[in-house]
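Shown here: query03.txt, compact mmCIF, C-alpha atoms.
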```txt
# COMPACT_ATOMS: atom_id res chain seq x y z
CA MET M 1 72.79 128.94 82.38
CA LYS M 2 73.75 126.34 84.98
CA GLU M 3 74.80 123.97 82.21
CA LYS M 4 77.08 126.63 80.71
CA GLN M 5 78.65 127.34 84.10
CA PHE M 6 79.15 123.61 84.66
CA ASN M 7 80.81 123.21 81.25
CA ARG M 8 83.04 126.22 81.88
CA SER M 9 84.01 124.89 85.29
CA SER M 10 84.78 121.47 83.86
CA CYS M 11 86.88 123.03 81.10
CA TYR M 12 88.94 124.99 83.65
CA LYS M 13 89.51 121.85 85.70
CA ILE M 14 90.67 119.88 82.66
CA ILE M 15 93.05 122.65 81.61
CA SER M 16 94.37 122.96 85.16
CA VAL M 17 95.02 119.23 85.39
CA ILE M 18 96.84 119.27 82.04
CA VAL M 19 99.01 122.24 83.03
CA ILE M 20 99.84 120.69 86.41
CA ALA M 21 100.67 117.36 84.77
CA VAL M 22 102.99 119.04 82.25
CA LEU M 23 104.76 121.05 84.98
CA ALA M 24 105.09 117.96 87.17
CA PHE M 25 106.66 116.07 84.27
CA LEU M 26 109.11 118.90 83.54
CA PHE M 27 110.21 119.12 87.18
CA ALA M 28 110.45 115.35 87.68
CA PHE M 29 112.23 114.57 84.41
CA PRO M 30 115.73 115.70 85.54
CA LEU M 31 115.50 113.41 88.57
CA TYR M 32 114.32 110.55 86.36
CA TRP M 33 117.19 111.17 83.93
CA ILE M 34 119.78 111.17 86.73
CA VAL M 35 118.47 107.98 88.32
CA ILE M 36 118.19 106.15 84.98
CA GLY M 37 121.61 107.45 83.92
CA SER M 38 123.19 105.97 87.03
CA PHE M 39 122.28 102.51 85.70
CA LYS M 40 123.61 103.09 82.18
CA THR M 41 126.95 102.17 80.70
CA SER M 42 129.40 104.92 79.77
CA ALA M 43 128.71 104.30 76.08
CA ALA M 44 124.97 104.73 76.59
CA ILE M 45 125.43 107.92 78.60
CA ASN M 46 127.75 109.49 76.01
CA SER M 47 125.69 108.32 73.05
CA THR M 48 124.49 111.06 70.69
CA VAL M 49 121.09 109.35 70.53
CA PRO M 50 119.52 109.54 74.00
CA GLN M 51 118.19 106.33 75.51
CA TRP M 52 115.04 107.14 77.44
CA TRP M 53 115.26 103.70 79.01
CA PRO M 54 118.62 101.89 79.16
CA GLN M 55 118.94 98.83 76.99
CA GLU M 56 121.21 97.31 79.63
CA LEU M 57 120.91 98.00 83.35
CA VAL M 58 124.30 97.91 85.07
CA LEU M 59 125.52 98.57 88.60
CA ASP M 60 129.08 99.50 87.63
CA ASN M 61 128.60 103.16 88.56
CA TYR M 62 127.51 102.27 92.09
CA ARG M 63 130.34 99.74 92.42
CA LYS M 64 132.83 102.45 91.53
CA LEU M 65 131.16 104.86 93.94
CA PHE M 66 131.39 102.44 96.86
CA SER M 67 134.80 100.95 96.09
CA ARG M 68 137.07 103.92 95.41
CA GLN M 69 137.87 104.86 99.03
CA THR M 70 137.09 103.79 102.59
CA ALA M 71 136.63 105.77 105.79
CA ALA M 72 135.36 105.27 109.34
CA MET M 73 131.58 105.14 109.52
CA TRP M 74 131.65 107.94 112.04
CA ASP M 75 134.33 110.04 113.64
CA PHE M 76 132.20 111.95 116.09
CA HIS M 77 133.91 115.04 117.44
CA ILE M 78 132.46 116.66 120.55
CA PRO M 79 132.48 120.45 120.00
CA PHE M 80 135.09 122.50 121.88
CA THR M 81 136.98 119.34 122.95
CA GLN M 82 139.58 116.97 121.52
CA PHE M 83 137.40 113.91 122.20
CA THR M 84 136.38 111.82 119.17
CA ILE M 85 134.69 108.46 118.68
CA ALA M 86 135.59 106.50 115.53
CA GLY M 87 133.47 103.77 113.97
CA PRO M 88 134.20 100.80 111.66
CA ASP M 89 135.56 101.31 108.15
CA VAL M 90 132.96 101.55 105.37
CA PRO M 91 132.97 102.83 101.77
CA ALA M 92 133.76 106.53 101.78
CA ALA M 93 130.51 107.33 99.95
CA ILE M 94 128.52 105.94 102.91
CA ARG M 95 130.55 108.10 105.30
CA TRP M 96 130.02 111.16 103.11
CA LEU M 97 126.28 110.53 102.99
CA PHE M 98 126.23 110.05 106.77
CA ASN M 99 128.11 113.35 107.22
CA THR M 100 125.68 115.19 104.97
CA VAL M 101 122.56 113.79 106.63
CA PHE M 102 123.97 114.48 110.11
CA MET M 103 124.88 118.03 109.11
CA ALA M 104 121.48 118.78 107.56
CA VAL M 105 119.43 117.20 110.36
CA MET M 106 121.36 118.92 113.16
CA ALA M 107 121.21 122.26 111.35
CA MET M 108 117.48 121.76 110.82
CA LEU M 109 116.80 120.96 114.50
CA PHE M 110 118.94 123.77 115.91
CA THR M 111 117.65 126.35 113.43
CA CYS M 112 113.99 125.49 114.01
CA ALA M 113 114.47 125.63 117.80
CA THR M 114 116.35 128.95 117.90
CA SER M 115 114.24 130.59 115.19
CA ALA M 116 110.97 129.58 116.86
CA MET M 117 112.03 131.06 120.20
CA ALA M 118 113.53 134.21 118.67
CA GLY M 119 110.54 134.78 116.40
CA TYR M 120 108.14 134.31 119.30
CA ALA M 121 110.06 136.79 121.45
CA LEU M 122 110.19 139.41 118.69
CA ALA M 123 106.50 139.02 117.92
CA LYS M 124 104.97 138.76 121.40
CA LYS M 125 107.40 140.41 123.80
CA ARG M 126 107.81 144.13 124.27
CA PHE M 127 111.35 145.13 125.17
CA VAL M 128 113.69 148.05 124.48
CA GLY M 129 115.33 147.79 121.07
CA ARG M 130 112.96 145.16 119.69
CA THR M 131 112.42 147.09 116.45
CA ILE M 132 116.15 147.69 116.03
CA VAL M 133 116.95 144.00 116.55
CA PHE M 134 114.37 142.94 114.01
CA GLY M 135 115.64 145.56 111.56
CA LEU M 136 119.18 144.20 111.89
CA ILE M 137 117.88 140.68 111.24
CA VAL M 138 116.12 141.85 108.08
CA CYS M 139 119.29 143.60 106.93
CA ALA M 140 121.31 140.45 107.62
CA MET M 141 119.08 138.57 105.18
CA ALA M 142 120.59 140.65 102.37
CA LEU M 143 124.17 140.12 103.54
CA PRO M 144 126.10 137.63 101.36
CA LYS M 145 127.91 134.96 103.34
CA GLN M 146 131.09 135.71 101.38
CA VAL M 147 131.32 139.00 103.28
CA ILE M 148 131.63 137.26 106.66
CA LEU M 149 133.58 134.26 105.40
CA ILE M 150 137.03 135.27 106.71
CA PRO M 151 135.82 136.27 110.23
CA LEU M 152 133.71 133.11 110.36
CA LEU M 153 136.64 130.96 109.26
CA ARG M 154 138.90 132.49 111.93
CA GLU M 155 136.20 132.02 114.55
CA MET M 156 135.77 128.32 113.73
CA ALA M 157 139.55 127.86 113.83
CA SER M 158 139.84 129.57 117.22
CA LEU M 159 137.14 127.25 118.59
CA ASN M 160 138.96 124.18 117.19
CA LEU M 161 135.99 123.41 114.98
CA TYR M 162 137.64 123.92 111.59
CA ASN M 163 137.58 120.77 109.45
CA THR M 164 134.77 119.30 111.54
CA ILE M 165 131.14 118.93 110.56
CA TRP M 166 130.20 121.40 113.31
CA ALA M 167 131.97 124.16 111.41
CA VAL M 168 129.25 123.84 108.76
CA ILE M 169 126.37 123.37 111.20
CA PHE M 170 126.81 126.30 113.59
CA PRO M 171 126.94 129.10 110.94
CA ILE M 172 123.57 127.93 109.61
CA VAL M 173 121.85 127.92 113.01
CA GLY M 174 121.61 131.71 113.22
CA TRP M 175 119.70 131.97 109.94
CA PRO M 176 118.04 135.42 109.70
CA PHE M 177 115.38 134.14 107.31
CA GLY M 178 114.32 131.54 109.89
CA VAL M 179 113.82 134.20 112.56
CA PHE M 180 111.92 136.39 110.11
CA LEU M 181 109.65 133.52 109.04
CA MET M 182 108.84 132.42 112.58
CA LYS M 183 108.16 136.01 113.66
CA GLN M 184 105.56 136.32 110.93
CA PHE M 185 103.88 133.11 112.07
CA SER M 186 104.06 134.14 115.73
CA GLU M 187 102.31 137.44 114.97
CA GLY M 188 99.10 135.48 114.45
CA ILE M 189 99.08 133.85 117.90
CA PRO M 190 95.98 135.14 119.74
CA GLY M 191 97.00 137.26 122.69
CA GLU M 192 93.88 136.15 124.59
CA MET M 193 95.15 132.57 124.70
CA MET M 194 98.50 133.67 126.11
CA GLU M 195 96.81 135.85 128.73
CA ALA M 196 94.56 132.97 129.74
CA ALA M 197 97.61 130.73 130.15
CA ARG M 198 99.32 133.29 132.38
CA ILE M 199 96.17 133.71 134.51
CA ASP M 200 96.13 129.93 134.97
CA GLY M 201 99.65 130.17 136.36
CA ALA M 202 101.61 128.89 133.36
CA SER M 203 105.25 129.90 133.24
CA GLU M 204 106.77 131.61 130.21
CA TRP M 205 108.24 128.35 128.98
CA LYS M 206 104.92 126.50 129.37
CA THR M 207 103.11 129.29 127.54
CA PHE M 208 105.51 128.99 124.65
CA TYR M 209 105.60 125.18 124.62
CA LEU M 210 101.87 124.49 125.15
CA ILE M 211 100.23 127.50 123.47
CA ALA M 212 102.53 129.09 120.91
CA LEU M 213 104.42 126.08 119.60
CA PRO M 214 101.37 124.09 118.39
CA LEU M 215 100.04 127.16 116.58
CA ILE M 216 103.27 127.87 114.71
CA LYS M 217 103.93 124.21 113.87
CA PRO M 218 103.14 124.70 110.14
CA GLY M 219 105.79 127.42 110.01
CA ILE M 220 108.28 125.16 111.75
CA GLY M 221 107.56 122.41 109.24
CA ALA M 222 108.15 124.76 106.32
CA LEU M 223 111.32 126.12 107.94
CA ALA M 224 112.54 122.55 108.50
CA ILE M 225 112.41 121.84 104.76
CA PHE M 226 114.03 125.16 103.86
CA THR M 227 116.83 124.64 106.38
CA PHE M 228 117.46 121.03 105.39
CA ILE M 229 117.72 121.88 101.70
CA ASN M 230 119.76 125.04 102.36
CA SER M 231 122.32 123.21 104.49
CA TRP M 232 122.41 120.22 102.13
CA ASN M 233 123.12 122.42 99.10
CA ASP M 234 125.55 124.83 100.83
CA TYR M 235 128.48 123.64 98.73
CA PHE M 236 130.47 126.83 99.19
CA MET M 237 130.58 126.67 102.98
CA GLN M 238 131.32 122.94 102.92
CA LEU M 239 134.17 123.51 100.48
CA ILE M 240 135.77 126.13 102.73
CA MET M 241 135.27 124.44 106.10
CA LEU M 242 135.94 120.77 105.27
CA THR M 243 139.26 119.45 103.97
CA SER M 244 139.96 115.88 105.13
CA THR M 245 138.45 112.94 103.23
CA LYS M 246 136.61 111.52 106.25
CA ASN M 247 134.77 114.82 106.90
CA LEU M 248 133.58 115.51 103.35
CA THR M 249 129.95 115.70 102.36
CA ILE M 250 128.53 113.68 99.48
CA SER M 251 128.78 116.58 97.02
CA LEU M 252 132.39 117.32 97.97
CA GLY M 253 133.26 113.64 97.86
CA ILE M 254 131.91 113.19 94.34
CA ALA M 255 133.77 116.33 93.24
CA LYS M 256 136.98 114.90 94.73
CA LEU M 257 136.51 111.61 92.88
CA GLN M 258 136.03 113.56 89.66
CA ALA M 259 139.20 115.54 90.27
CA GLU M 260 141.17 112.31 90.58
CA ASN M 261 139.77 110.75 87.41
CA ALA M 262 138.49 111.70 84.00
CA THR M 263 134.93 113.00 83.85
CA ASP M 264 132.67 110.04 84.59
CA PHE M 265 129.04 111.05 84.19
CA GLY M 266 127.83 107.67 85.39
CA LEU M 267 129.68 108.13 88.66
CA ILE M 268 128.29 111.65 89.03
CA MET M 269 124.73 110.43 88.42
CA ALA M 270 125.15 107.59 90.91
CA GLY M 271 126.34 110.05 93.56
CA ALA M 272 123.55 112.50 92.74
CA SER M 273 120.94 109.73 92.97
CA LEU M 274 122.29 108.69 96.36
CA ALA M 275 122.29 112.29 97.57
CA ALA M 276 118.69 112.88 96.45
CA ILE M 277 117.20 110.13 98.63
CA PRO M 278 117.32 111.97 102.02
CA ILE M 279 115.94 115.20 100.52
CA ILE M 280 112.99 113.33 99.00
CA ILE M 281 112.28 111.59 102.31
CA VAL M 282 112.36 114.86 104.29
CA PHE M 283 110.11 116.58 101.76
CA LEU M 284 107.55 113.77 101.87
CA ILE M 285 107.49 113.95 105.67
CA PHE M 286 107.02 117.73 105.91
CA GLN M 287 105.17 118.53 102.69
CA LYS M 288 101.79 118.78 104.41
CA TYR M 289 102.95 121.92 106.21
CA PHE M 290 103.15 123.76 102.90
CA THR M 291 99.43 123.43 102.32
CA LYS M 292 98.07 122.99 105.83
CA GLY M 293 95.91 125.93 106.83
CA ILE M 294 95.82 127.31 110.33
CA THR M 295 93.39 129.71 112.03
CA MET M 296 95.53 132.13 113.97
CA GLY M 297 92.88 134.48 115.25
CA ALA M 298 90.11 132.23 116.49
CA VAL M 299 89.64 131.73 120.21
CA LYS M 300 87.32 129.10 121.59
CA GLY M 301 84.93 130.28 124.20
```
What does the file become when written as C-alpha cells?
Amino acid sequence: MKEKQFNRSSCYKIISVIVIAVLAFLFAFPLYWIVIGSFKTSAAINSTVPQWWPQELVLDNYRKLFSRQTAAMWDFHIPFTQFTIAGPDVPAAIRWLFNTVFMAVMAMLFTCATSAMAGYALAKKRFVGRTIVFGLIVCAMALPKQVILIPLLREMASLNLYNTIWAVIFPIVGWPFGVFLMKQFSEGIPGEMMEAARIDGASEWKTFYLIALPLIKPGIGALAIFTFINSWNDYFMQLIMLTSTKNLTISLGIAKLQAENATDFGLIMAGASLAAIPIIIVFLIFQKYFTKGITMGAVKG
C-alpha cells in the first residue's frame, strides 16, 4: 500500500514538474524572441523561415536606438513651481528610460505609502462614514480612467503639471485597488498587539510603524510590483499627459521613432528589450512577497 502511494505521489510530482516547465517555457519564449530579435538583421527578422538563433549577431538595432535623437539626461521639474534642473545631453532612449524608471519608482513609493496608511485606517479605526468611504473606494475600482480623463487633464494643467512626468505619477498614487489590498492585509493585524503598544505609551504613528507595518510588509511588496507594472504599462495616460520629446517614456519614444520611419521591427525589439530590464529587476527583488506566508492572528505570550 505504501509503495503504491509512493508511486502515485512520484507520478504527480513528475507531471507537475512537466506542466510547470511547459508553462514556464511558453511564458518566457516571447521575452526570448524579443531579446534575440533585437540582435538580428532586418532580413533575418522578416524572413519567412524563423531563425531560433541568429546566424549573425549585430548591434545595429541598438545603434539606431541610441543615435536617432538626443536629450538632457534629466530635466527635473519641482512640482507646483517653474524651477527645473537640466542635465548633460545623452541619447534620447536613455532619457526615456530614465523618465520611465523615475515615474514607476515614484508612483510605487507614493502608492505603497498612501495605500498602507489608508488601508490601516479603514481596517483598524472606527470613525463615522468608514463603511461609506470604503464602499466608494470599491466602486472607484470599477470606474474606467477614460471617464475622469478630461477633469484630470484640466486639473494637471491648472497645477502647471501638464507635460511633466508628475502628471503621470500623481493620478496613480490614489489607486483604489491599492487601498483595498492593504485594507485586506490590515484586517489580519492582531488587535491585542496594538492594544499592548498603546498601553506601553506608543503613539499612533509608532503603533503603525513598529507594529502594523512589519505585519503587512508582504502586502506592500505585492502592491509594489502591481504598481510598478501598472504605471510602467499605462501607455494611455502617458500618451495624453506627455508631449515633448524630452519628457517621453520609453514606450512613447519608440512609438515616435516608428512614426518617423518605416516599420522597423529590430528597433522595436531593441526598445522592448531595454524596457524589460527594470521590470525584471523589480520582480526579482519583490517576488518573495508573492509566496511568503504570514501569521496574522498569532500573539506571543
Practice task
Excluding range 112-121 of chain M and residues on its chain fewer than 6 positions from it, collect all residues at most 6 Å away from it, counting all atoms listed in the file, and give them as a PyMOL selection string.
Solution key: chain M and resi 178-179+182-183+186
Problem - 8 Å contact set for Ile250 in chain M, only C-alpha atoms, chain neighbours under 2 positions out, as a ChimeraX atom specification - result: /M:93,96-97,99-100,248,252-254,271,275
Handout entry: Distance of CA of Ile132 in chain M from CA of Ile211 in chain M, expressed in Å to one decimal place
Key =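 A separation of 26.8 Å between them.
Residues surrounding Phe228 in chain M within 7 Å are Ala104, Val105, Met108, Ala224 and Trp232 of chain M [only C-alpha atoms; sequence separation below 4 positions excluded].
Relative to CA of Leu59 in chain M, CA of Phe39 in chain M is found at 5.9 Å.
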Fill in the blank from the handout: Taken to one decimal, the CA of Phe177 in chain M-CA of Lys206 in chain M distance is 25.6 Å
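In terms of minimum interatomic distance to Trp166 in chain M, M:Met106 ranks closest within M:Ala197, M:Val133, M:Met106, M:Ala202, counting only C-alpha atoms.
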Exercise for the section: Pick out the closest residue to Ser231 in chain M from this set: M:Val168, M:Leu159, M:Val128, M:Leu57. Count all atoms listed in the file. Expected result: M:Val168
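Considering the residues M:Ser38, M:Tyr162, M:Ala24, M:Val49 and counting only C-alpha atoms, Arg63 in chain M has its shortest atom-to-atom contact with M:Ser38.
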Exercise for the section: Select, from M:Gln184, M:Ala107, M:Pro176, M:Ala123, the residue with the minimum atom-to-atom distance to Leu136 in chain M, counting only C-alpha atoms. Expected result: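 With only C-alpha atoms as the atom set, the closest residue is M:Pro176.
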Quick one: everything within 10 Å of Phe170 in chain M, counting all atoms listed in the file, minus sequence neighbours fewer than 5 positions away in the same chain. Send it as an mmCIF file with C-alpha atoms, keeping the file's coordinate frame.
```cif
data_model
loop_
_atom_site.group_PDB
_atom_site.id
_atom_site.type_symbol
_atom_site.label_atom_id
_atom_site.label_comp_id
_atom_site.auth_asym_id
_atom_site.auth_seq_id
_atom_site.Cartn_x
_atom_site.Cartn_y
_atom_site.Cartn_z
ATOM 1 C CA MET M 103 124.880 118.030 109.110
ATOM 2 C CA MET M 106 121.360 118.920 113.160
ATOM 3 C CA ALA M 107 121.210 122.260 111.350
ATOM 4 C CA PHE M 110 118.940 123.770 115.910
ATOM 5 C CA THR M 111 117.650 126.350 113.430
ATOM 6 C CA MET M 156 135.770 128.320 113.730
ATOM 7 C CA LEU M 161 135.990 123.410 114.980
ATOM 8 C CA ILE M 165 131.140 118.930 110.560
ATOM 9 C CA TRP M 175 119.700 131.970 109.940
#
```
Who sits within 9 Å of range 67-69 of chain M, all atoms listed in the file, same chain under 2 positions skipped, as a PDB file with C-alpha atoms, in the coordinates of the input:
```
ATOM      1  CA  TYR M  62     127.510 102.270  92.090  1.00  0.00           C
ATOM      2  CA  ARG M  63     130.340  99.740  92.420  1.00  0.00           C
ATOM      3  CA  LYS M  64     132.830 102.450  91.530  1.00  0.00           C
ATOM      4  CA  LEU M  65     131.160 104.860  93.940  1.00  0.00           C
ATOM      5  CA  ALA M  71     136.630 105.770 105.790  1.00  0.00           C
ATOM      6  CA  VAL M  90     132.960 101.550 105.370  1.00  0.00           C
ATOM      7  CA  PRO M  91     132.970 102.830 101.770  1.00  0.00           C
ATOM      8  CA  ALA M  92     133.760 106.530 101.780  1.00  0.00           C
ATOM      9  CA  ALA M  93     130.510 107.330  99.950  1.00  0.00           C
ATOM     10  CA  LEU M 257     136.510 111.610  92.880  1.00  0.00           C
TER      11      LEU M 257
END
```
